[in-house]
Amino acid sequence: MLQLPAVLERNRCFMTIGSRLRKADGALDARTPAIWISNGTGRDGRERRNAPKVGWCWAGNRHTWLGFASATDRRGLER
């Protein structure tokens, strides 16, 4: 997303499930970091409409528009 910010589109956002916090007892925290496009409502304010947002979602939450993201390595863009 840093190289191609246009890949983040409304209704095509994602959770970063590989980034879940592991608790002291070994269990995973239910919160999952997520990246999405803000509707600019609530605490965001109208001026933030269509802004990218980083926050969290509950693991297992059934958002049809919120997919998963993971990567095994990083690659630069071929130009």
# chains A, B, ... in the order shown; residues from 1 in each chain; ligands from 1

call {"tool": "residues_around", "arguments": {"residues": "Gly55 in chain A", "least_positions_apart": "4", "cutoff": "7 Å", "atoms": "only C-alpha atoms", "output": "list in words"}}
result
Pro33, Ala34 and Ile35 of chain A

call {"tool": "write_last_selection", "arguments": {"atoms": "N, CA and C atoms", "output": "PDB file, in the first residue's frame"}}
result
ATOM      1  N   PRO A  33      -5.727  -5.947  13.882  1.00  0.00           N
ATOM      2  CA  PRO A  33      -5.526  -4.671  13.196  1.00  0.00           C
ATOM      3  C   PRO A  33      -6.208  -4.695  11.830  1.00  0.00           C
ATOM      4  N   ALA A  34      -6.770  -3.561  11.438  1.00  0.00           N
ATOM      5  CA  ALA A  34      -7.480  -3.465  10.162  1.00  0.00           C
ATOM      6  C   ALA A  34      -7.198  -2.123   9.502  1.00  0.00           C
ATOM      7  N   ILE A  35      -7.299  -2.105   8.185  1.00  0.00           N
ATOM      8  CA  ILE A  35      -7.108  -0.893   7.384  1.00  0.00           C
ATOM      9  C   ILE A  35      -8.311  -0.777   6.463  1.00  0.00           C
TER      10      ILE A  35
END

call {"tool": "residues_around", "arguments": {"residues": "range 6-10 of chain A", "least_positions_apart": "6", "cutoff": "10 Å", "atoms": "only C-alpha atoms", "output": "number ranges by chain"}}
result
A: 35-39, 50-52, 65-66

call {"tool": "write_last_selection", "arguments": {"atoms": "N, CA, C and O atoms", "output": "short mmCIF file (atom, residue, chain, number, x, y, z; two decimals), in the first residue's frame"}}
result
data_model
loop_
_atom_site.label_atom_id
_atom_site.label_comp_id
_atom_site.auth_asym_id
_atom_site.auth_seq_id
_atom_site.Cartn_x
_atom_site.Cartn_y
_atom_site.Cartn_z
N ILE A 35 -7.30 -2.10 8.18
CA ILE A 35 -7.11 -0.89 7.38
C ILE A 35 -8.31 -0.78 6.46
O ILE A 35 -8.66 -1.73 5.76
N TRP A 36 -8.97 0.39 6.47
CA TRP A 36 -10.16 0.57 5.65
C TRP A 36 -10.33 2.04 5.29
O TRP A 36 -9.58 2.89 5.73
N ILE A 37 -11.35 2.31 4.47
CA ILE A 37 -11.69 3.68 4.08
C ILE A 37 -12.80 4.17 5.01
O ILE A 37 -13.83 3.51 5.17
N SER A 38 -12.58 5.33 5.59
CA SER A 38 -13.52 5.89 6.56
C SER A 38 -14.73 6.52 5.85
O SER A 38 -14.59 7.16 4.81
N ASN A 39 -15.90 6.34 6.45
CA ASN A 39 -17.10 7.02 5.97
C ASN A 39 -17.20 8.44 6.51
O ASN A 39 -18.09 9.18 6.13
N ASN A 50 -13.82 9.37 3.24
CA ASN A 50 -12.95 8.72 2.24
C ASN A 50 -11.48 8.66 2.64
O ASN A 50 -10.63 8.33 1.81
N ALA A 51 -11.17 8.96 3.89
CA ALA A 51 -9.78 8.89 4.36
C ALA A 51 -9.43 7.46 4.75
O ALA A 51 -10.27 6.73 5.27
N PRO A 52 -8.20 7.03 4.50
CA PRO A 52 -7.75 5.72 5.00
C PRO A 52 -7.75 5.73 6.53
O PRO A 52 -7.46 6.75 7.14
N TRP A 65 -16.94 -7.06 3.43
CA TRP A 65 -16.06 -6.14 2.72
C TRP A 65 -14.65 -6.11 3.30
O TRP A 65 -13.77 -5.45 2.77
N LEU A 66 -14.41 -6.84 4.39
CA LEU A 66 -13.13 -6.79 5.07
C LEU A 66 -12.42 -8.13 4.90
O LEU A 66 -12.76 -9.11 5.52
#
